[in-house]
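Asker: Input file: work-v9.txt. Contents: compact mmCIF, C-alpha atoms and all ligand atoms.
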# COMPACT_ATOMS: atom_id res chain seq x y z
CA MET A 14 -8.05 204.51 -67.26
CA SER A 15 -11.66 205.28 -68.09
CA PHE A 16 -14.82 204.87 -66.08
CA PRO A 17 -18.21 203.83 -67.41
CA ALA A 18 -20.87 206.54 -67.53
CA GLY A 19 -22.60 207.00 -64.18
CA SER A 20 -19.57 206.01 -62.07
CA PHE A 21 -19.55 209.42 -60.37
CA ARG A 22 -22.38 211.22 -58.65
CA HIS A 23 -22.14 214.86 -57.61
CA GLU A 24 -23.67 215.70 -54.24
CA ARG A 25 -24.91 219.02 -52.96
CA ARG A 26 -23.73 219.66 -49.40
CA TYR A 27 -24.45 222.60 -47.12
CA ALA A 28 -21.25 224.10 -45.71
CA GLY A 29 -22.46 227.38 -44.15
CA PRO A 30 -23.05 228.53 -40.57
CA LEU A 31 -25.45 227.01 -38.02
CA GLN A 32 -28.95 228.40 -38.61
CA ALA A 33 -30.82 227.57 -35.40
CA VAL A 34 -30.60 225.74 -32.09
CA ILE A 35 -33.82 224.26 -30.70
CA LEU A 36 -33.92 223.97 -26.93
CA ASP A 37 -36.18 221.82 -24.79
CA TRP A 38 -37.79 223.47 -21.76
CA ALA A 39 -38.11 221.44 -18.51
CA GLY A 40 -34.83 219.81 -17.52
CA THR A 41 -32.85 221.66 -20.20
CA THR A 42 -33.38 225.43 -19.86
CA MET A 43 -35.57 225.52 -16.73
CA ASP A 44 -36.79 223.26 -13.89
CA TYR A 45 -33.46 221.66 -12.93
CA GLY A 46 -34.21 217.95 -12.44
CA CYS A 47 -37.45 218.14 -14.45
CA LEU A 48 -39.56 218.03 -11.28
CA ALA A 49 -42.79 219.82 -12.23
CA PRO A 50 -44.37 217.15 -14.48
CA PRO A 51 -43.93 214.09 -12.23
CA ALA A 52 -45.25 216.03 -9.23
CA ALA A 53 -48.40 216.88 -11.20
CA PHE A 54 -48.87 213.32 -12.50
CA VAL A 55 -48.55 211.88 -8.98
CA GLU A 56 -51.23 214.30 -7.75
CA ALA A 57 -53.56 213.67 -10.74
CA TYR A 58 -53.40 209.90 -10.14
CA ARG A 59 -53.79 210.37 -6.38
CA ARG A 60 -57.11 212.13 -7.07
CA HIS A 61 -58.17 208.99 -8.95
CA GLY A 62 -57.33 206.75 -5.97
CA ILE A 63 -53.98 205.50 -7.31
CA ALA A 64 -50.61 206.06 -5.64
CA ILE A 65 -47.89 206.16 -8.29
CA THR A 66 -44.23 206.84 -7.52
CA MET A 67 -42.21 209.79 -8.84
CA GLU A 68 -40.11 207.25 -10.77
CA GLU A 69 -43.19 205.79 -12.48
CA ALA A 70 -44.46 209.30 -13.14
CA ARG A 71 -41.29 210.34 -14.97
CA ARG A 72 -40.69 207.18 -17.03
CA PRO A 73 -42.54 208.34 -20.21
CA MET A 74 -41.09 211.90 -19.99
CA GLY A 75 -40.82 213.92 -23.19
CA ALA A 76 -44.12 212.81 -24.74
CA HIS A 77 -47.28 214.92 -25.06
CA LYS A 78 -48.75 214.99 -21.55
CA ARG A 79 -51.91 213.07 -22.53
CA VAL A 80 -49.79 210.34 -24.15
CA HIS A 81 -47.63 210.45 -21.00
CA ILE A 82 -50.70 209.59 -18.88
CA GLN A 83 -51.55 206.72 -21.20
CA ARG A 84 -47.97 205.37 -20.86
CA ILE A 85 -48.03 205.62 -17.04
CA GLY A 86 -51.23 203.56 -17.15
CA GLU A 87 -49.43 200.92 -19.21
CA ILE A 88 -46.75 200.34 -16.54
CA PRO A 89 -47.70 196.84 -15.27
CA ARG A 90 -47.85 197.79 -11.57
CA VAL A 91 -50.01 200.84 -12.28
CA ALA A 92 -52.24 198.92 -14.73
CA GLU A 93 -52.83 196.25 -12.08
CA LEU A 94 -53.50 198.85 -9.38
CA TRP A 95 -55.97 200.66 -11.64
CA ARG A 96 -57.81 197.44 -12.41
CA ALA A 97 -57.96 196.49 -8.73
CA THR A 98 -59.21 199.95 -7.72
CA HIS A 99 -61.64 200.71 -10.55
CA GLY A 100 -62.66 197.18 -11.60
CA ALA A 101 -61.55 197.66 -15.24
CA PRO A 102 -58.41 198.55 -17.17
CA GLN A 103 -57.59 202.24 -17.67
CA SER A 104 -59.69 203.33 -20.67
CA GLU A 105 -59.40 206.22 -23.16
CA ALA A 106 -62.16 207.99 -21.20
CA ASP A 107 -60.15 207.49 -17.99
CA ILE A 108 -57.08 209.00 -19.68
CA ASP A 109 -59.18 212.01 -20.71
CA ARG A 110 -60.47 212.40 -17.15
CA ILE A 111 -56.96 212.18 -15.62
CA PHE A 112 -55.66 214.66 -18.22
CA GLU A 113 -58.50 217.06 -17.35
CA VAL A 114 -57.48 216.93 -13.68
CA PHE A 115 -53.78 217.06 -14.54
CA VAL A 116 -53.89 220.29 -16.59
CA PRO A 117 -54.94 222.73 -13.82
CA ILE A 118 -52.59 221.01 -11.32
CA GLN A 119 -49.68 221.42 -13.74
CA LEU A 120 -50.57 225.04 -14.49
CA GLU A 121 -50.79 225.81 -10.78
CA ILE A 122 -47.40 224.36 -9.84
CA LEU A 123 -45.40 225.34 -12.96
CA PRO A 124 -44.33 228.79 -11.70
CA ARG A 125 -42.70 227.09 -8.69
CA TYR A 126 -40.40 225.16 -11.05
CA ALA A 127 -39.62 227.94 -13.51
CA ASP A 128 -36.11 228.93 -12.45
CA LEU A 129 -33.58 228.72 -15.27
CA VAL A 130 -30.91 226.04 -15.36
CA PRO A 131 -27.53 227.72 -14.71
CA GLY A 132 -25.85 228.69 -17.97
CA THR A 133 -29.08 229.09 -19.98
CA LEU A 134 -28.75 232.84 -20.56
CA GLU A 135 -25.07 232.50 -21.51
CA ALA A 136 -25.85 229.64 -23.93
CA VAL A 137 -28.65 231.62 -25.58
CA ALA A 138 -26.36 234.65 -25.95
CA ALA A 139 -23.68 232.43 -27.51
CA ILE A 140 -26.19 230.96 -30.00
CA ARG A 141 -27.31 234.44 -31.06
CA ALA A 142 -23.72 235.74 -31.20
CA ARG A 143 -23.02 233.21 -33.95
CA GLY A 144 -26.05 234.46 -35.90
CA ALA A 145 -28.28 231.48 -35.21
CA LYS A 146 -31.91 231.59 -34.02
CA VAL A 147 -33.26 230.02 -30.84
CA GLY A 148 -36.24 227.68 -31.16
CA SER A 149 -37.92 225.48 -28.54
CA THR A 150 -40.04 222.35 -28.21
CA THR A 151 -41.81 220.76 -25.27
CA GLY A 152 -44.18 218.02 -24.14
CA TYR A 153 -46.24 220.74 -22.45
CA THR A 154 -49.42 222.07 -24.04
CA LEU A 155 -49.68 225.58 -25.48
CA ALA A 156 -51.46 226.90 -22.35
CA MET A 157 -48.67 225.56 -20.13
CA ASN A 158 -46.01 226.84 -22.47
CA ARG A 159 -47.50 230.36 -22.51
CA LEU A 160 -47.20 230.39 -18.75
CA LEU A 161 -43.62 229.14 -18.96
CA ARG A 162 -42.78 231.77 -21.55
CA ASP A 163 -43.95 234.53 -19.17
CA GLU A 164 -41.99 233.03 -16.26
CA ALA A 165 -38.90 232.66 -18.48
CA ALA A 166 -39.22 236.24 -19.73
CA ARG A 167 -39.20 237.48 -16.12
CA ARG A 168 -35.88 235.65 -15.76
CA GLY A 169 -34.41 237.13 -18.95
CA TYR A 170 -34.94 234.17 -21.31
CA GLY A 171 -37.01 234.43 -24.49
CA PRO A 172 -36.56 231.99 -27.39
CA ASP A 173 -37.38 233.26 -30.89
CA GLU A 174 -39.94 230.50 -31.33
CA MET A 175 -41.78 227.92 -29.26
CA VAL A 176 -43.79 224.93 -30.44
CA SER A 177 -45.91 222.86 -28.05
CA ALA A 178 -46.89 219.21 -28.30
CA ASP A 179 -50.54 220.06 -29.02
CA GLU A 180 -49.69 222.31 -31.99
CA VAL A 181 -48.52 219.41 -34.16
CA PRO A 182 -50.19 216.15 -35.26
CA GLU A 183 -47.95 214.13 -32.95
CA GLY A 184 -45.52 215.05 -30.16
CA ARG A 185 -42.17 213.42 -29.45
CA PRO A 186 -40.60 211.14 -30.47
CA ALA A 187 -42.07 212.34 -33.82
CA PRO A 188 -39.97 215.15 -35.36
CA TRP A 189 -42.83 217.58 -36.11
CA MET A 190 -42.16 220.12 -33.35
CA CYS A 191 -38.55 220.49 -34.52
CA LEU A 192 -39.60 220.82 -38.15
CA GLU A 193 -42.34 223.33 -37.22
CA ASN A 194 -39.69 225.43 -35.44
CA ALA A 195 -37.54 225.33 -38.57
CA ARG A 196 -40.51 226.38 -40.71
CA ARG A 197 -41.52 229.28 -38.46
CA LEU A 198 -37.91 230.43 -38.04
CA GLY A 199 -37.22 230.11 -41.77
CA ALA A 200 -34.16 228.07 -40.82
CA TYR A 201 -32.74 225.41 -43.18
CA PRO A 202 -31.27 223.04 -44.21
CA MET A 203 -31.92 220.70 -41.28
CA SER A 204 -28.22 219.76 -41.21
CA ALA A 205 -27.60 223.36 -40.04
CA LEU A 206 -29.89 222.94 -37.02
CA VAL A 207 -29.18 221.55 -33.57
CA LYS A 208 -31.68 220.06 -31.11
CA VAL A 209 -30.87 220.04 -27.38
CA GLY A 210 -32.92 218.13 -24.78
CA ASP A 211 -32.88 215.94 -21.66
CA THR A 212 -35.01 212.90 -22.56
CA LEU A 213 -34.69 209.97 -24.94
CA PRO A 214 -37.76 211.15 -26.95
CA ASP A 215 -35.97 214.53 -27.25
CA MET A 216 -33.05 212.77 -28.93
CA LEU A 217 -35.29 210.82 -31.31
CA GLU A 218 -37.20 214.00 -32.18
CA GLY A 219 -33.99 215.76 -33.22
CA LEU A 220 -32.50 212.79 -35.04
CA ASP A 221 -35.66 212.10 -37.04
CA ALA A 222 -35.83 215.78 -37.96
CA GLY A 223 -32.37 215.35 -39.53
CA MET A 224 -30.75 217.68 -36.96
CA TRP A 225 -27.61 217.45 -34.85
CA THR A 226 -28.80 216.25 -31.47
CA VAL A 227 -27.32 217.02 -28.06
CA GLY A 228 -28.37 215.48 -24.74
CA VAL A 229 -28.09 217.15 -21.34
CA ALA A 230 -27.42 214.44 -18.76
CA LEU A 231 -27.46 215.91 -15.26
CA THR A 232 -30.17 218.60 -15.21
CA GLY A 233 -33.05 216.62 -16.66
CA ASN A 234 -35.24 213.59 -16.43
CA GLU A 235 -32.44 211.02 -16.64
CA VAL A 236 -31.09 211.97 -13.21
CA GLY A 237 -34.31 213.63 -12.00
CA LEU A 238 -32.87 215.51 -9.01
CA ALA A 239 -33.03 219.14 -7.94
CA LYS A 240 -29.60 220.79 -7.92
CA ALA A 241 -29.37 220.74 -4.10
CA ASP A 242 -30.16 216.99 -4.04
CA TRP A 243 -27.58 216.31 -6.76
CA ASP A 244 -24.95 218.36 -4.91
CA ALA A 245 -25.67 216.39 -1.72
CA LEU A 246 -24.85 213.03 -3.34
CA ALA A 247 -21.53 211.29 -2.70
CA PRO A 248 -19.13 211.41 -5.67
CA GLU A 249 -19.58 207.67 -6.28
CA ALA A 250 -23.39 208.00 -6.49
CA GLN A 251 -23.01 211.02 -8.80
CA ARG A 252 -20.66 209.06 -11.04
CA ARG A 253 -23.08 206.13 -11.29
CA LEU A 254 -26.07 208.35 -12.22
CA ARG A 255 -24.01 210.44 -14.61
CA ASP A 256 -22.60 207.38 -16.43
CA ARG A 257 -26.07 205.86 -16.74
CA ALA A 258 -27.53 209.09 -18.18
CA TYR A 259 -24.68 209.45 -20.71
CA GLU A 260 -25.06 205.82 -21.74
CA ARG A 261 -28.82 206.09 -22.25
CA LEU A 262 -28.67 209.36 -24.23
CA TYR A 263 -25.80 208.14 -26.42
CA GLY A 264 -27.60 204.79 -26.65
CA VAL A 265 -30.47 206.24 -28.69
CA GLY A 266 -28.08 208.08 -31.01
CA ALA A 267 -27.30 211.50 -29.52
CA HIS A 268 -24.36 213.09 -31.37
CA TYR A 269 -23.08 214.73 -28.18
CA VAL A 270 -23.96 214.48 -24.49
CA ILE A 271 -23.02 217.18 -21.98
CA ASP A 272 -23.61 217.62 -18.25
CA GLY A 273 -25.82 220.67 -18.72
CA ILE A 274 -26.57 223.59 -21.02
CA TRP A 275 -23.57 225.47 -19.52
CA GLU A 276 -21.38 223.13 -21.61
CA LEU A 277 -23.22 223.76 -24.90
CA GLU A 278 -20.97 226.41 -26.46
CA PRO A 279 -17.90 224.23 -27.24
CA VAL A 280 -20.22 221.55 -28.64
CA LEU A 281 -21.80 224.14 -30.96
CA ASP A 282 -18.29 225.10 -32.08
CA ALA A 283 -17.54 221.46 -32.87
CA ILE A 284 -20.82 220.97 -34.76
CA ALA A 285 -20.34 224.25 -36.66
CA GLY A 286 -16.90 223.03 -37.73
CA ARG A 287 -18.33 219.76 -39.00
CA VAL A 288 -21.13 221.58 -40.87
CA ARG A 289 -18.59 223.92 -42.48
CA ARG A 290 -16.76 220.83 -43.76
CA GLY A 291 -20.00 219.66 -45.35
CA GLU A 292 -20.80 216.96 -42.79
CA ARG A 293 -24.37 215.96 -42.12
CA PRO A 294 -25.84 214.61 -38.88
MG MG B 1 -37.32 218.22 -20.92
Take the structure in this file and express it as structure tokens.
Ligand SMILES: [Mg+2]
Answerer:
Amino acid sequence: MSFPAGSFRHERRYAGPLQAVILDWAGTTMDYGCLAPPAAFVEAYRRHGIAITMEEARRPMGAHKRVHIQRIGEIPRVAELWRATHGAPQSEADIDRIFEVFVPIQLEILPRYADLVPGTLEAVAAIRARGAKVGSTTGYTLAMNRLLRDEAARRGYGPDEMVSADEVPEGRPAPWMCLENARRLGAYPMSALVKVGDTLPDMLEGLDAGMWTVGVALTGNEVGLAKADWDALAPEAQRRLRDRAYERLYGVGAHYVIDGIWELEPVLDAIAGRVRRGERP
């Protein structure tokens, strides 16, 4: 049997070790429940005469914080409230003004929400033990992230690289923060990198960067509860919230979903095995 010319195509596939793991900040490595941002958004809106709920405040989570404010303003109830209070729809200038008020509020309260999620230090040690680098991305601005970095360092956590939403042309769900981490870390190909985060934009960021993407379901924005509040829930309520978070993270294409970063190591083993066999995300 003979085949016509061009019937076979040879493909180049990476089959080496994992090169880097890029971790989100709030809700993934620190601030269990991702509580700091919604608290600051509620206060920033309150100072503009609008009472938004914590649930409304966390709906756009993951985006650059200025974009986040714009998205809160687009929620129909908030849009209507704004119009009724200020006599006109929320404008670009209004968004700038709210963002201006938001920044110092967020900076002031961040240290109160800077404790590490259990398992973070062990996960970081496991990443480094396999010879991979630790990157990070966030919807926070550089000024906020510098503060977080200092708080994290006091608690023993220091990623090799951090990229903030205002250092790239566009924050999540665009992939630029992930790709900028890869560039600064000198880590490639993208199929040897893993992105870990707690929001749907986190998942899209990793997937569009061509990276393996892992969601953390319980410690982040999808459940949105401090550890003590989660622990106080009845098993049935926990199961309902957990199932919903898994469904939503898998729903946008996450390769793996875990309860929290303390479960990351076996998932990295599984991904490393797939990469060694030449699989791509
Ligand atoms: Mg987060």
Asker: What does the list of residues within 8 Å of ligand MG 1 (chain B) look like if you count all atoms listed in the file, written as JSON, numbers by chain?
Answerer: {"A": [37, 38, 39, 40, 41, 47, 74, 75, 151, 152, 210, 211, 212, 215, 233, 234]}
Asker: Taking into account only C-alpha atoms, which residue in the set A:Gln32, A:Lys146, A:His268, A:His77 is nearest to A:Pro182?
Answerer: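 Checking each candidate against A:Pro182, we get A:His77 as the closest.
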Asker: Which of these residues is nearest to A:Met203, using all atoms listed in the file: A:Val147, A:Ile122, A:Met175, A:Met224?
Answerer: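 Between A:Val147, A:Ile122, A:Met175, A:Met224, the residue approaching A:Met203 most closely is A:Met224.
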Asker: Quick one: residues within 9 Å of stretch 283-288 of chain A, all atoms listed in the file, excluding same-chain residues fewer than 4 positions away - as number ranges by chain?
Answerer: A: 27-31, 204-205, 207, 225, 278-279, 292-294
Asker: Which is closer to A:Thr150 than all the others in A:Gly219, A:Pro89, A:Pro102, A:Gly199, using all atoms listed in the file?
Answerer: A:Gly219
Asker: Could you tell me how far atom CA of A:Thr98 sits from atom CA of A:Gln83, in Å to one decimal place?
Answerer: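 These two atoms are separated by 16.9 Å.
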Asker: Mind checking which residues fall within 9 Å of A:Leu129, counting only C-alpha atoms, ignoring those fewer than 5 positions away in the same chain, and posting them as a ChimeraX atom specification?
Answerer: /A:41-45,134,165,168,170
Asker: Select, from A:Ala106, A:Ile65, A:Ala250, A:Ala33, the residue with the minimum atom-to-atom distance to A:Asp173, counting all atoms listed in the file.
Answerer: A:Ala33
Asker: So, with all atoms listed in the file as the atoms that count, which of A:Pro73, A:Pro117, A:Gly144, A:Pro186 lies closest to A:Met216?
Answerer: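 Closest to A:Met216 of all the choices is A:Pro186.
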Asker: Will you model N, CA and C atoms for stretch 167-200 of chain A and pass it back as an mmCIF file, keeping the file's coordinate frame?
Answerer:
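Below is the file that was written, rebuild.cif:
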data_model
loop_
_atom_site.group_PDB
_atom_site.id
_atom_site.type_symbol
_atom_site.label_atom_id
_atom_site.label_comp_id
_atom_site.auth_asym_id
_atom_site.auth_seq_id
_atom_site.Cartn_x
_atom_site.Cartn_y
_atom_site.Cartn_z
ATOM 1 N N ARG A 167 -39.529 236.783 -17.371
ATOM 2 C CA ARG A 167 -39.200 237.480 -16.120
ATOM 3 C C ARG A 167 -37.776 237.187 -15.676
ATOM 4 N N ARG A 168 -37.243 236.047 -16.149
ATOM 5 C CA ARG A 168 -35.880 235.650 -15.760
ATOM 6 C C ARG A 168 -34.876 235.929 -16.877
ATOM 7 N N GLY A 169 -35.337 236.658 -17.909
ATOM 8 C CA GLY A 169 -34.410 237.130 -18.950
ATOM 9 C C GLY A 169 -34.251 236.198 -20.136
ATOM 10 N N TYR A 170 -35.067 235.116 -20.212
ATOM 11 C CA TYR A 170 -34.940 234.170 -21.310
ATOM 12 C C TYR A 170 -36.158 234.243 -22.238
ATOM 13 N N GLY A 171 -35.923 234.431 -23.517
ATOM 14 C CA GLY A 171 -37.010 234.430 -24.490
ATOM 15 C C GLY A 171 -36.558 233.841 -25.802
ATOM 16 N N PRO A 172 -36.935 232.574 -26.094
ATOM 17 C CA PRO A 172 -36.560 231.990 -27.390
ATOM 18 C C PRO A 172 -37.276 232.716 -28.534
ATOM 19 N N ASP A 173 -36.747 232.608 -29.747
ATOM 20 C CA ASP A 173 -37.380 233.260 -30.890
ATOM 21 C C ASP A 173 -38.663 232.544 -31.299
ATOM 22 N N GLU A 174 -38.756 231.273 -30.931
ATOM 23 C CA GLU A 174 -39.940 230.500 -31.330
ATOM 24 C C GLU A 174 -40.197 229.407 -30.311
ATOM 25 N N MET A 175 -41.463 229.053 -30.129
ATOM 26 C CA MET A 175 -41.780 227.920 -29.260
ATOM 27 C C MET A 175 -42.913 227.123 -29.896
ATOM 28 N N VAL A 176 -42.751 225.811 -29.916
ATOM 29 C CA VAL A 176 -43.790 224.930 -30.440
ATOM 30 C C VAL A 176 -44.140 223.921 -29.356
ATOM 31 N N SER A 177 -45.448 223.772 -29.096
ATOM 32 C CA SER A 177 -45.910 222.860 -28.050
ATOM 33 C C SER A 177 -46.421 221.572 -28.667
ATOM 34 N N ALA A 178 -46.512 220.544 -27.819
ATOM 35 C CA ALA A 178 -46.890 219.210 -28.300
ATOM 36 C C ALA A 178 -48.281 219.196 -28.933
ATOM 37 N N ASP A 179 -49.178 220.079 -28.469
ATOM 38 C CA ASP A 179 -50.540 220.060 -29.020
ATOM 39 C C ASP A 179 -50.708 220.948 -30.247
ATOM 40 N N GLU A 180 -49.614 221.500 -30.760
ATOM 41 C CA GLU A 180 -49.690 222.310 -31.990
ATOM 42 C C GLU A 180 -49.337 221.511 -33.235
ATOM 43 N N VAL A 181 -48.938 220.253 -33.040
ATOM 44 C CA VAL A 181 -48.520 219.410 -34.160
ATOM 45 C C VAL A 181 -49.331 218.114 -34.130
ATOM 46 N N PRO A 182 -49.378 217.374 -35.243
ATOM 47 C CA PRO A 182 -50.190 216.150 -35.260
ATOM 48 C C PRO A 182 -49.755 215.129 -34.215
ATOM 49 N N GLU A 183 -48.467 215.111 -33.895
ATOM 50 C CA GLU A 183 -47.950 214.130 -32.950
ATOM 51 C C GLU A 183 -46.736 214.717 -32.245
ATOM 52 N N GLY A 184 -46.675 214.560 -30.913
ATOM 53 C CA GLY A 184 -45.520 215.050 -30.160
ATOM 54 C C GLY A 184 -44.343 214.106 -30.299
ATOM 55 N N ARG A 185 -43.339 214.299 -29.420
ATOM 56 C CA ARG A 185 -42.170 213.420 -29.450
ATOM 57 C C ARG A 185 -42.580 211.960 -29.218
ATOM 58 N N PRO A 186 -41.872 211.003 -29.758
ATOM 59 C CA PRO A 186 -40.600 211.140 -30.470
ATOM 60 C C PRO A 186 -40.723 211.584 -31.935
ATOM 61 N N ALA A 187 -41.932 211.865 -32.429
ATOM 62 C CA ALA A 187 -42.070 212.340 -33.820
ATOM 63 C C ALA A 187 -41.337 213.677 -33.983
ATOM 64 N N PRO A 188 -40.831 213.975 -35.169
ATOM 65 C CA PRO A 188 -39.970 215.150 -35.360
ATOM 66 C C PRO A 188 -40.722 216.458 -35.627
ATOM 67 N N TRP A 189 -42.063 216.441 -35.580
ATOM 68 C CA TRP A 189 -42.830 217.580 -36.110
ATOM 69 C C TRP A 189 -42.580 218.891 -35.380
ATOM 70 N N MET A 190 -42.392 218.853 -34.065
ATOM 71 C CA MET A 190 -42.160 220.120 -33.350
ATOM 72 C C MET A 190 -40.858 220.767 -33.803
ATOM 73 N N CYS A 191 -39.825 219.953 -34.034
ATOM 74 C CA CYS A 191 -38.550 220.490 -34.520
ATOM 75 C C CYS A 191 -38.720 221.085 -35.910
ATOM 76 N N LEU A 192 -39.431 220.357 -36.767
ATOM 77 C CA LEU A 192 -39.600 220.820 -38.150
ATOM 78 C C LEU A 192 -40.487 222.070 -38.189
ATOM 79 N N GLU A 193 -41.480 222.143 -37.284
ATOM 80 C CA GLU A 193 -42.340 223.330 -37.220
ATOM 81 C C GLU A 193 -41.541 224.552 -36.764
ATOM 82 N N ASN A 194 -40.606 224.346 -35.819
ATOM 83 C CA ASN A 194 -39.690 225.430 -35.440
ATOM 84 C C ASN A 194 -38.924 225.917 -36.645
ATOM 85 N N ALA A 195 -38.341 224.972 -37.398
ATOM 86 C CA ALA A 195 -37.540 225.330 -38.570
ATOM 87 C C ALA A 195 -38.376 226.150 -39.549
ATOM 88 N N ARG A 196 -39.620 225.694 -39.767
ATOM 89 C CA ARG A 196 -40.510 226.380 -40.710
ATOM 90 C C ARG A 196 -40.793 227.813 -40.242
ATOM 91 N N ARG A 197 -41.168 227.944 -38.964
ATOM 92 C CA ARG A 197 -41.520 229.280 -38.460
ATOM 93 C C ARG A 197 -40.300 230.199 -38.411
ATOM 94 N N LEU A 198 -39.131 229.621 -38.136
ATOM 95 C CA LEU A 198 -37.910 230.430 -38.040
ATOM 96 C C LEU A 198 -37.320 230.707 -39.424
ATOM 97 N N GLY A 199 -37.805 229.987 -40.438
ATOM 98 C CA GLY A 199 -37.220 230.110 -41.770
ATOM 99 C C GLY A 199 -35.787 229.592 -41.792
ATOM 100 N N ALA A 200 -35.527 228.578 -40.964
ATOM 101 C CA ALA A 200 -34.160 228.070 -40.820
ATOM 102 C C ALA A 200 -33.997 226.733 -41.564
#
